[in-house]
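Input: a single structure, listed below in C-alpha cells.
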Amino acid sequence: MSNERFASVWDALEDTPEQAENMKLRSALMMALKGHIARQGLSQKEAARLLGVTQPRVSDLVRGRIERFGLDALVTMAVAAGLHVEMRITEAA
C-alpha cells in the first residue's frame with residue numbers, strides 16, 4: 001500500500017494527468033447541474049425537458065454516471081439550464 005498523496009481523487013484514479021483534468025471538469029459540471037435541478041425542485045421529467053435530453057439521461061446525471069457524459073454534452077446541458085460556464089486555466093503545480 002502506497003502513502004502517496006493526491007490533490008484529487010481523479011489524480012489517484014486516472015492513468016494520465018489529461019484524463020484526470022477531464023474528469024475533474026466533468027465532475028464539476030455534473031455536480032452543478034444536479035444542484036441546479038435540486039434547487040429548482042424539478043422532477044427528472046421536468047429537468048429533461050429543460051435540458052433538452054431524455055429522462056433516463058437525467059437519471060444518469062443524478063446518479064453520477066460520469067462515464068456516460070462528455071464535456072460537450074455537459075456544457076450544452078448547463079447552458080440550457082441557464083447556467084454560465086467559465087473556465088480558468090493556471091500553471092500546473
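Lettering and numbering for the C-alpha cells are positional, with chains as A, B, ... in the shown order, residues counted from 1 in each chain, and ligands counted from 1 in the shown order.
For Leu50 (chain A), the set of protein, DNA and RNA residues having any atom at most 8 Å away, when counting only C-alpha atoms and skipping those fewer than 3 positions along the same chain, is Glu46, Ala47, Val53, Ala80 and Ala81 of chain A.
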With all heavy atoms retained, export the selected residues as a compact mmCIF listing (two decimals), in the first residue's frame.
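So selection.txt came out as:
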```txt
# COMPACT_ATOMS: atom_id res chain seq x y z
N GLU A 46 -39.20 17.03 -15.75
CA GLU A 46 -39.10 18.47 -15.96
C GLU A 46 -37.67 18.88 -16.31
O GLU A 46 -37.45 19.71 -17.19
CB GLU A 46 -39.57 19.23 -14.71
CG GLU A 46 -41.04 19.09 -14.42
CD GLU A 46 -41.42 19.57 -13.03
OE1 GLU A 46 -40.58 19.47 -12.10
OE2 GLU A 46 -42.56 20.03 -12.87
N ALA A 47 -36.72 18.29 -15.60
CA ALA A 47 -35.31 18.59 -15.86
C ALA A 47 -34.93 18.16 -17.28
O ALA A 47 -34.21 18.88 -17.98
CB ALA A 47 -34.43 17.90 -14.83
N VAL A 53 -32.86 16.80 -23.01
CA VAL A 53 -32.41 15.41 -23.03
C VAL A 53 -33.57 14.52 -22.58
O VAL A 53 -34.64 15.01 -22.24
CB VAL A 53 -31.17 15.19 -22.13
CG1 VAL A 53 -29.98 15.99 -22.61
CG2 VAL A 53 -31.47 15.52 -20.67
N ALA A 80 -28.34 25.18 -21.33
CA ALA A 80 -29.79 25.01 -21.47
C ALA A 80 -30.50 25.24 -20.14
O ALA A 80 -31.63 25.73 -20.11
CB ALA A 80 -30.10 23.61 -22.00
N ALA A 81 -29.81 24.95 -19.03
CA ALA A 81 -30.38 25.15 -17.70
C ALA A 81 -30.31 26.60 -17.26
O ALA A 81 -30.80 26.96 -16.20
CB ALA A 81 -29.67 24.25 -16.69
```
Thr76 (chain A) environment, 10 Å, only C-alpha atoms, sequence neighbours closer than 5 positions dropped, as a PDB file with N, CA, C and O atoms, in the first residue's frame:
```pdb
ATOM      1  N   LEU A  51     -33.363  20.623 -20.037  1.00  0.00           N
ATOM      2  CA  LEU A  51     -32.007  20.365 -20.532  1.00  0.00           C
ATOM      3  C   LEU A  51     -31.973  19.877 -21.977  1.00  0.00           C
ATOM      4  O   LEU A  51     -30.902  19.777 -22.574  1.00  0.00           O
ATOM      5  N   GLY A  52     -33.124  19.521 -22.518  1.00  0.00           N
ATOM      6  CA  GLY A  52     -33.172  19.029 -23.890  1.00  0.00           C
ATOM      7  C   GLY A  52     -32.645  17.619 -24.045  1.00  0.00           C
ATOM      8  O   GLY A  52     -32.057  17.271 -25.074  1.00  0.00           O
ATOM      9  N   LEU A  71     -17.646  16.303 -21.987  1.00  0.00           N
ATOM     10  CA  LEU A  71     -17.648  17.729 -21.646  1.00  0.00           C
ATOM     11  C   LEU A  71     -18.625  18.518 -22.509  1.00  0.00           C
ATOM     12  O   LEU A  71     -19.357  19.375 -21.997  1.00  0.00           O
ATOM     13  N   ALA A  81     -29.812  24.951 -19.031  1.00  0.00           N
ATOM     14  CA  ALA A  81     -30.383  25.148 -17.703  1.00  0.00           C
ATOM     15  C   ALA A  81     -30.305  26.605 -17.256  1.00  0.00           C
ATOM     16  O   ALA A  81     -30.804  26.958 -16.199  1.00  0.00           O
ATOM     17  N   LEU A  83     -27.347  28.165 -16.825  1.00  0.00           N
ATOM     18  CA  LEU A  83     -26.109  28.344 -16.067  1.00  0.00           C
ATOM     19  C   LEU A  83     -25.032  28.932 -16.976  1.00  0.00           C
ATOM     20  O   LEU A  83     -25.046  28.720 -18.185  1.00  0.00           O
ATOM     21  N   VAL A  85     -21.059  28.935 -17.762  1.00  0.00           N
ATOM     22  CA  VAL A  85     -19.878  28.090 -17.550  1.00  0.00           C
ATOM     23  C   VAL A  85     -18.637  28.922 -17.838  1.00  0.00           C
ATOM     24  O   VAL A  85     -18.524  29.543 -18.895  1.00  0.00           O
TER      25      VAL A  85
END
```
Given only C-alpha atoms as the basis, pick out the residue of A:Ala73, A:Ile66, A:Ala78, A:Ala48 nearest to Ala32 (chain A).
A:Ala78
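For the set A:Leu42, A:Ala92, A:Ala20, A:Leu33, the residue with the smallest atom-to-atom gap to Val75 (chain A) is A:Leu33, counting only C-alpha atoms.
Shortest separation to Met31 (chain A) among A:Leu61, A:His84, A:Ala7, A:Met77 occurs at residue A:Leu61, atoms counted being only C-alpha atoms.
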Report, in Å to a single decimal, how far apart CA of Gln44 (chain A) and CA of Pro56 (chain A) are.
8.3 Å
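Taking CA of Glu18 (chain A) as the reference point, CA of Phe69 (chain A) is found at 16.4 Å.
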With distances taken over only C-alpha atoms, which of A:Glu67, A:Glu86, A:Glu4, A:Glu91 is nearest to Ser27 (chain A)?
A:Glu67
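In this structure, CA of Glu21 (chain A) sits 23.1 Å away from CA of Arg57 (chain A).
Closest to Lys34 (chain A) among A:Val62, A:Met87, A:Leu74, A:Val79 is A:Val62, based on only C-alpha atoms.
Shortest atom-to-atom contact with Arg68 (chain A) among A:Ser43, A:Pro17, A:His36, A:Met23: A:Met23, counting only C-alpha atoms.
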